[in-house]
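Structure below is input_37.cif: mmCIF, C-alpha atoms, pLDDT in the B column; chains and numbers go by the auth columns.
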```
data_work
#
loop_
_atom_site.group_PDB
_atom_site.id
_atom_site.type_symbol
_atom_site.label_atom_id
_atom_site.label_comp_id
_atom_site.label_asym_id
_atom_site.label_seq_id
_atom_site.Cartn_x
_atom_site.Cartn_y
_atom_site.Cartn_z
_atom_site.B_iso_or_equiv
_atom_site.auth_seq_id
_atom_site.auth_asym_id
ATOM 1 C CA MET A 1 -68.652 104.632 169.408 68.00 905 A
ATOM 2 C CA CYS A 2 -65.090 105.323 170.608 82.00 906 A
ATOM 3 C CA ALA A 3 -64.723 104.926 174.340 90.00 907 A
ATOM 4 C CA ALA A 4 -61.281 106.560 174.297 94.00 908 A
ATOM 5 C CA PHE A 5 -58.479 107.633 172.022 95.00 909 A
ATOM 6 C CA GLU A 6 -54.782 108.201 172.509 94.00 910 A
ATOM 7 C CA LEU A 7 -52.459 110.952 171.340 91.00 911 A
ATOM 8 C CA ASN A 8 -48.818 111.304 172.448 88.00 912 A
ATOM 9 C CA SER A 9 -49.245 108.586 175.109 90.00 913 A
ATOM 10 C CA ARG A 10 -52.173 110.487 176.643 92.00 914 A
ATOM 11 C CA ILE A 11 -55.544 108.703 176.850 94.00 915 A
ATOM 12 C CA ILE A 12 -58.553 110.955 176.286 95.00 916 A
ATOM 13 C CA ARG A 13 -62.111 109.982 177.228 95.00 917 A
ATOM 14 C CA PRO A 14 -65.525 111.647 176.924 95.00 918 A
ATOM 15 C CA GLY A 15 -65.892 114.664 179.211 94.00 919 A
ATOM 16 C CA ARG A 16 -62.256 115.721 178.741 94.00 920 A
ATOM 17 C CA LEU A 17 -60.705 118.588 176.804 94.00 921 A
ATOM 18 C CA VAL A 18 -59.739 117.668 173.247 93.00 922 A
ATOM 19 C CA ARG A 19 -57.507 119.535 170.823 93.00 923 A
ATOM 20 C CA PHE A 20 -58.628 119.696 167.207 95.00 924 A
ATOM 21 C CA TRP A 21 -57.949 121.449 163.919 94.00 925 A
ATOM 22 C CA GLN A 22 -60.716 123.744 162.652 93.00 926 A
ATOM 23 C CA THR A 23 -58.752 125.222 159.712 90.00 927 A
ATOM 24 C CA LYS A 24 -55.373 124.408 158.146 89.00 928 A
ATOM 25 C CA LEU A 25 -53.568 126.698 160.612 87.00 929 A
ATOM 26 C CA ASP A 26 -56.032 127.209 163.469 89.00 930 A
ATOM 27 C CA TRP A 27 -56.535 124.714 166.284 92.00 931 A
ATOM 28 C CA GLY A 28 -58.848 124.849 169.254 93.00 932 A
ATOM 29 C CA THR A 29 -59.929 122.971 172.345 93.00 933 A
ATOM 30 C CA GLY A 30 -63.362 121.771 173.336 94.00 934 A
ATOM 31 C CA VAL A 31 -65.029 119.356 175.709 94.00 935 A
ATOM 32 C CA TRP A 32 -65.806 115.908 174.285 96.00 936 A
ATOM 33 C CA ALA A 33 -69.545 115.739 174.901 95.00 937 A
ATOM 34 C CA GLY A 34 -70.652 112.565 173.167 95.00 938 A
ATOM 35 C CA PHE A 35 -71.197 111.297 169.660 96.00 939 A
ATOM 36 C CA ALA A 36 -72.824 112.224 166.351 97.00 940 A
ATOM 37 C CA ARG A 37 -73.912 109.529 163.911 97.00 941 A
ATOM 38 C CA LYS A 38 -72.537 109.816 160.364 97.00 942 A
ATOM 39 C CA GLU A 39 -76.053 109.065 159.119 97.00 943 A
ATOM 40 C CA THR A 40 -77.286 112.357 160.653 96.00 944 A
ATOM 41 C CA LEU A 41 -74.351 114.656 159.809 95.00 945 A
ATOM 42 C CA GLY A 42 -76.569 116.803 157.594 95.00 946 A
ATOM 43 C CA TRP A 43 -78.779 117.601 160.584 95.00 947 A
ATOM 44 C CA TRP A 44 -75.763 118.506 162.748 95.00 948 A
ATOM 45 C CA LYS A 45 -74.454 120.849 160.036 93.00 949 A
ATOM 46 C CA ARG A 46 -77.870 122.514 159.693 94.00 950 A
ATOM 47 C CA GLN A 47 -77.761 123.140 163.457 94.00 951 A
ATOM 48 C CA GLY A 48 -74.491 125.051 162.976 94.00 952 A
ATOM 49 C CA TRP A 49 -72.036 122.345 164.018 96.00 953 A
ATOM 50 C CA GLN A 50 -68.778 122.444 162.019 95.00 954 A
ATOM 51 C CA PRO A 51 -66.605 119.466 160.986 97.00 955 A
ATOM 52 C CA ILE A 52 -63.220 119.259 162.726 97.00 956 A
ATOM 53 C CA ASP A 53 -60.104 117.071 162.503 96.00 957 A
ATOM 54 C CA ILE A 54 -59.101 115.283 165.716 96.00 958 A
ATOM 55 C CA PRO A 55 -55.568 113.858 165.507 96.00 959 A
ATOM 56 C CA ALA A 56 -55.084 110.549 167.323 95.00 960 A
ATOM 57 C CA GLU A 57 -52.765 107.559 167.178 95.00 961 A
ATOM 58 C CA ARG A 58 -55.197 104.872 168.306 96.00 962 A
ATOM 59 C CA PHE A 59 -58.733 104.418 169.613 97.00 963 A
ATOM 60 C CA ALA A 60 -60.606 101.993 171.838 96.00 964 A
ATOM 61 C CA GLU A 61 -64.101 100.544 171.813 96.00 965 A
ATOM 62 C CA ARG A 62 -65.712 98.973 174.866 95.00 966 A
ATOM 63 C CA SER A 63 -66.820 95.410 174.147 95.00 967 A
ATOM 64 C CA ASP A 64 -70.555 94.891 174.676 95.00 968 A
ATOM 65 C CA LYS A 65 -69.744 91.291 175.700 95.00 969 A
ATOM 66 C CA THR A 66 -66.871 91.690 178.186 95.00 970 A
ATOM 67 C CA GLY A 67 -66.866 95.416 178.996 94.00 971 A
ATOM 68 C CA GLU A 68 -63.143 95.565 178.237 95.00 972 A
ATOM 69 C CA LEU A 69 -61.508 98.225 176.067 96.00 973 A
ATOM 70 C CA ILE A 70 -60.269 96.885 172.733 96.00 974 A
ATOM 71 C CA TRP A 71 -57.613 99.128 171.145 97.00 975 A
ATOM 72 C CA ASP A 72 -56.582 99.562 167.524 96.00 976 A
ATOM 73 C CA GLN A 73 -54.132 101.823 165.687 97.00 977 A
ATOM 74 C CA ILE A 74 -55.386 104.650 163.491 96.00 978 A
ATOM 75 C CA PRO A 75 -53.717 104.348 160.083 95.00 979 A
ATOM 76 C CA SER A 76 -51.170 107.031 159.267 93.00 980 A
ATOM 77 C CA GLY A 77 -52.713 109.973 157.427 94.00 981 A
ATOM 78 C CA LEU A 78 -56.190 109.563 158.981 95.00 982 A
ATOM 79 C CA ILE A 79 -57.893 111.479 161.797 96.00 983 A
ATOM 80 C CA LEU A 80 -61.009 111.074 163.907 97.00 984 A
ATOM 81 C CA ARG A 81 -63.837 113.136 162.432 97.00 985 A
ATOM 82 C CA GLY A 82 -65.635 115.372 164.879 97.00 986 A
ATOM 83 C CA VAL A 83 -68.220 118.124 164.847 97.00 987 A
ATOM 84 C CA LEU A 84 -67.985 121.309 166.907 97.00 988 A
ATOM 85 C CA ASP A 85 -70.541 123.676 168.416 94.00 989 A
ATOM 86 C CA ALA A 86 -68.406 126.797 168.643 79.00 990 A
ATOM 87 C CA SER A 87 -71.397 128.918 169.713 85.00 991 A
ATOM 88 C CA ALA A 88 -71.496 127.293 173.164 82.00 992 A
ATOM 89 C CA VAL A 89 -69.983 129.218 176.101 84.00 993 A
ATOM 90 C CA LYS A 90 -67.291 126.532 176.213 86.00 994 A
ATOM 91 C CA PRO A 91 -66.879 124.867 172.801 93.00 995 A
ATOM 92 C CA ILE A 92 -68.187 121.310 172.781 95.00 996 A
ATOM 93 C CA LEU A 93 -67.509 118.588 170.280 96.00 997 A
ATOM 94 C CA LYS A 94 -68.821 115.189 169.360 97.00 998 A
ATOM 95 C CA VAL A 95 -66.894 112.334 167.751 97.00 999 A
ATOM 96 C CA VAL A 96 -68.620 111.133 164.573 97.00 1000 A
ATOM 97 C CA THR A 97 -69.437 107.406 164.454 97.00 1001 A
ATOM 98 C CA ARG A 98 -70.559 104.960 161.799 97.00 1002 A
ATOM 99 C CA ALA A 99 -71.955 101.434 161.787 97.00 1003 A
ATOM 100 C CA SER A 100 -69.385 98.664 162.350 97.00 1004 A
ATOM 101 C CA THR A 101 -68.610 96.248 159.535 96.00 1005 A
ATOM 102 C CA GLU A 102 -69.042 92.503 160.183 97.00 1006 A
ATOM 103 C CA ALA A 103 -65.274 92.165 160.750 97.00 1007 A
ATOM 104 C CA GLU A 104 -65.206 95.130 163.158 96.00 1008 A
ATOM 105 C CA LEU A 105 -68.204 93.767 165.046 95.00 1009 A
ATOM 106 C CA GLY A 106 -66.293 90.509 165.509 95.00 1010 A
ATOM 107 C CA GLN A 107 -63.091 92.260 166.582 95.00 1011 A
ATOM 108 C CA PHE A 108 -64.507 95.017 168.809 96.00 1012 A
ATOM 109 C CA GLN A 109 -67.867 93.483 169.797 95.00 1013 A
ATOM 110 C CA HIS A 110 -69.466 96.917 169.400 96.00 1014 A
ATOM 111 C CA PRO A 111 -71.990 98.132 166.781 96.00 1015 A
ATOM 112 C CA ARG A 112 -70.484 101.613 166.236 97.00 1016 A
ATOM 113 C CA MET A 113 -66.998 102.758 165.209 97.00 1017 A
ATOM 114 C CA PRO A 114 -65.366 106.192 165.066 97.00 1018 A
ATOM 115 C CA LEU A 115 -65.287 107.716 161.591 97.00 1019 A
ATOM 116 C CA LEU A 116 -61.662 107.760 160.399 97.00 1020 A
ATOM 117 C CA GLU A 117 -61.050 110.061 157.444 97.00 1021 A
ATOM 118 C CA ILE A 118 -58.420 112.004 155.559 96.00 1022 A
ATOM 119 C CA PRO A 119 -58.070 115.416 157.266 95.00 1023 A
ATOM 120 C CA LEU A 120 -60.149 118.273 155.917 94.00 1024 A
ATOM 121 C CA PHE A 121 -57.782 120.747 157.539 93.00 1025 A
ATOM 122 C CA ASN A 122 -54.717 119.303 159.245 86.00 1026 A
ATOM 123 C CA GLY A 123 -53.696 115.942 160.671 85.00 1027 A
ATOM 124 C CA GLU A 124 -50.602 117.160 162.519 86.00 1028 A
ATOM 125 C CA SER A 125 -50.315 116.065 166.137 83.00 1029 A
ATOM 126 C CA LEU A 126 -51.309 118.756 168.608 75.00 1030 A
ATOM 127 C CA GLY A 127 -49.529 117.510 171.707 63.00 1031 A
ATOM 128 C CA ALA A 128 -51.022 117.490 175.183 51.00 1032 A
ATOM 129 C CA VAL A 129 -53.879 119.840 175.988 52.00 1033 A
ATOM 130 C CA ASP A 130 -51.658 122.027 178.160 43.00 1034 A
ATOM 131 C CA GLU A 131 -49.001 122.701 175.525 42.00 1035 A
ATOM 132 C CA LYS A 132 -49.190 124.554 172.228 43.00 1036 A
ATOM 133 C CA PRO A 133 -48.068 122.893 169.001 41.00 1037 A
ATOM 134 C CA GLY A 134 -44.369 123.585 168.506 41.00 1038 A
ATOM 135 C CA SER A 135 -43.998 125.008 172.031 40.00 1039 A
ATOM 136 C CA ALA A 136 -40.880 122.911 172.602 38.00 1040 A
ATOM 137 C CA ILE A 137 -39.141 124.834 169.808 36.00 1041 A
ATOM 138 C CA GLN A 138 -37.645 128.177 170.841 38.00 1042 A
ATOM 139 C CA GLN A 139 -38.618 130.823 168.318 39.00 1043 A
ATOM 140 C CA GLU A 140 -36.087 133.430 167.222 43.00 1044 A
ATOM 141 C CA LEU A 141 -36.567 136.548 169.343 41.00 1045 A
ATOM 142 C CA PHE A 142 -35.193 139.150 166.925 37.00 1046 A
#
```

Here is a file; write its structure as structure tokens.
Amino acid sequence: MCAAFELNSRIIRPGRLVRFWQTKLDWGTGVWAGFARKETLGWWKRQGWQPIDIPAERFAERSDKTGELIWDQIPSGLILRGVLDASAVKPILKVVTRASTEAELGQFQHPRMPLLEIPLFNGESLGAVDEKPGSAIQQELF
């Protein structure tokens, strides 16, 4: 499913604020409120949920056998796919999952994996939740 992911040395788990890209230039934040199965994405879209790009460097699954987190890198150029309910008072999002392959089931000991895809919008890192992208760069004032 994706028990956690990491971006800029910050581990993010369900229930936390997540930064995401919703267009090529527009990012937002929402609360990670669970998972959406790839097999039912059509239903989520019909309910008004929008696809989003969630940048991350690695993710972890919790082994069904040992209960331990098993981490793996996210290949360069890929993001976690999410869906967003922007109509909620506070935007909420779900990480999209898919069935594990035989090899993944052996490695992670978990039947679901996060959906890693090429960005629809933007794969650029968004930094920590409390800082804006590019905030470390002083803009010209005049």

Output of the PyMOL selection byres ((chain A and resi 953) around 12), listed as a PyMOL selection string = chain A and resi 926+940+944-952+954-956+986-992+995-1000

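Relative to CA of Gly981 (chain A), CA of Arg917 (chain A) is found at 21.9 Å.
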
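One distance worth recording is that between CA of Glu1006 (chain A) and CA of Leu984 (chain A), which is 20.6 Å.
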
I'd like the box whose edges run along x, y and z of the file and which contains every listed atom of region 923-938 of chain A, padded by 4 Å per side; could you state its centre and edge lengths in Å, one decimal, as lines of an AutoDock Vina configuration file?
```
center_x = -62.1
center_y = 119.9
center_z = 166.9
size_x = 25.1
size_y = 22.6
size_z = 25.6
```

query = Can you list, as a PyMOL selection string, the residues that the PyMOL selection byres ((chain A and resi 963) around 6) selects here?
reply = chain A and resi 908-909+962+964+975-976

task = Please indicate the distance in Å from CA of Leu1024 (chain A) to CA of Ile916 (chain A), rounded to one decimal place.
result =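 For CA of Leu1024 (chain A) relative to CA of Ile916 (chain A), the distance reads 21.7 Å.
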
Proximity to Ala937 (chain A) - best of A:Lys969, A:Leu1020, A:Lys994, A:Ala960, all atoms listed in the file =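 With all atoms listed in the file as the atom set, the closest residue is A:Lys994.
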
task = Just say which residues the PyMOL selection byres ((chain A and resi 923) around 9) picks in this file, as a PyMOL selection string.
result = chain A and resi 921-922+924-925+931-935+958-959+1030-1033

request  = Could you please give me, as a ChimeraX atom specification, the residues of protein, DNA or RNA lying at most 7 Å from (-57.5, 109.4, 159.1) in the coordinate frame of the file, considering all atoms listed in the file?
outcome  = /A:978-984,1020-1023

query = Of the residues A:His1014, A:Thr1001, A:Gly1027, A:Ala1007, which is the one nearest to Arg941 (chain A), using only C-alpha atoms?
reply = A:Thr1001

Export region 962-990 of chain A, N, CA and C atoms, as a compact mmCIF listing (two decimals), in the first residue's frame; it's the structure right above.
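Everything below was put into selection-v9.txt:
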```txt
# COMPACT_ATOMS: atom_id res chain seq x y z
N ARG A 962 11.89 7.82 -2.00
CA ARG A 962 11.77 6.40 -1.71
C ARG A 962 10.46 6.15 -0.97
N PHE A 963 10.07 4.88 -0.88
CA PHE A 963 8.84 4.51 -0.21
C PHE A 963 9.09 3.26 0.63
N ALA A 964 8.17 3.00 1.54
CA ALA A 964 8.29 1.80 2.38
C ALA A 964 6.95 1.08 2.43
N GLU A 965 7.04 -0.24 2.45
CA GLU A 965 5.89 -1.11 2.69
C GLU A 965 6.12 -1.82 4.02
N ARG A 966 5.04 -2.10 4.73
CA ARG A 966 5.15 -2.84 5.99
C ARG A 966 4.93 -4.31 5.70
N SER A 967 5.93 -5.13 6.01
CA SER A 967 5.87 -6.56 5.77
C SER A 967 4.71 -7.18 6.55
N ASP A 968 3.90 -7.98 5.85
CA ASP A 968 2.81 -8.70 6.52
C ASP A 968 3.36 -9.82 7.41
N LYS A 969 4.61 -10.24 7.18
CA LYS A 969 5.21 -11.33 7.95
C LYS A 969 5.90 -10.84 9.22
N THR A 970 6.70 -9.76 9.10
CA THR A 970 7.50 -9.30 10.24
C THR A 970 7.01 -8.00 10.85
N GLY A 971 6.19 -7.24 10.10
CA GLY A 971 5.73 -5.94 10.58
C GLY A 971 6.74 -4.83 10.40
N GLU A 972 7.91 -5.16 9.85
CA GLU A 972 8.95 -4.16 9.64
C GLU A 972 8.73 -3.40 8.35
N LEU A 973 9.23 -2.14 8.31
CA LEU A 973 9.18 -1.35 7.09
C LEU A 973 10.31 -1.80 6.17
N ILE A 974 9.99 -2.02 4.91
CA ILE A 974 10.98 -2.38 3.90
C ILE A 974 11.00 -1.24 2.88
N TRP A 975 12.14 -0.58 2.76
CA TRP A 975 12.29 0.62 1.93
C TRP A 975 12.86 0.28 0.56
N ASP A 976 12.49 1.11 -0.43
CA ASP A 976 13.07 1.01 -1.76
C ASP A 976 13.09 2.40 -2.39
N GLN A 977 14.07 2.63 -3.26
CA GLN A 977 14.20 3.89 -3.97
C GLN A 977 13.12 4.01 -5.05
N ILE A 978 12.69 5.21 -5.32
CA ILE A 978 11.80 5.48 -6.45
C ILE A 978 12.70 5.89 -7.61
N PRO A 979 12.61 5.21 -8.74
CA PRO A 979 13.49 5.56 -9.86
C PRO A 979 13.35 7.02 -10.27
N SER A 980 14.46 7.61 -10.66
CA SER A 980 14.48 8.99 -11.12
C SER A 980 13.47 9.18 -12.25
N GLY A 981 12.75 10.28 -12.21
CA GLY A 981 11.77 10.59 -13.25
C GLY A 981 10.38 10.06 -12.97
N LEU A 982 10.19 9.32 -11.86
CA LEU A 982 8.87 8.80 -11.50
C LEU A 982 8.36 9.47 -10.22
N ILE A 983 7.05 9.48 -10.06
CA ILE A 983 6.40 10.04 -8.87
C ILE A 983 5.42 9.01 -8.32
N LEU A 984 4.93 9.27 -7.13
CA LEU A 984 3.81 8.50 -6.60
C LEU A 984 2.54 9.10 -7.19
N ARG A 985 1.65 8.27 -7.69
CA ARG A 985 0.37 8.77 -8.19
C ARG A 985 -0.58 8.89 -7.01
N GLY A 986 -1.30 9.99 -6.98
CA GLY A 986 -2.32 10.20 -5.97
C GLY A 986 -3.59 10.71 -6.60
N VAL A 987 -4.65 10.74 -5.81
CA VAL A 987 -5.90 11.38 -6.23
C VAL A 987 -6.30 12.34 -5.12
N LEU A 988 -6.94 13.44 -5.50
CA LEU A 988 -7.24 14.54 -4.60
C LEU A 988 -8.71 14.88 -4.62
N ASP A 989 -9.28 15.05 -3.43
CA ASP A 989 -10.64 15.60 -3.28
C ASP A 989 -10.48 17.05 -2.86
N ALA A 990 -10.44 17.94 -3.83
CA ALA A 990 -10.23 19.36 -3.54
C ALA A 990 -11.50 20.02 -3.01
```
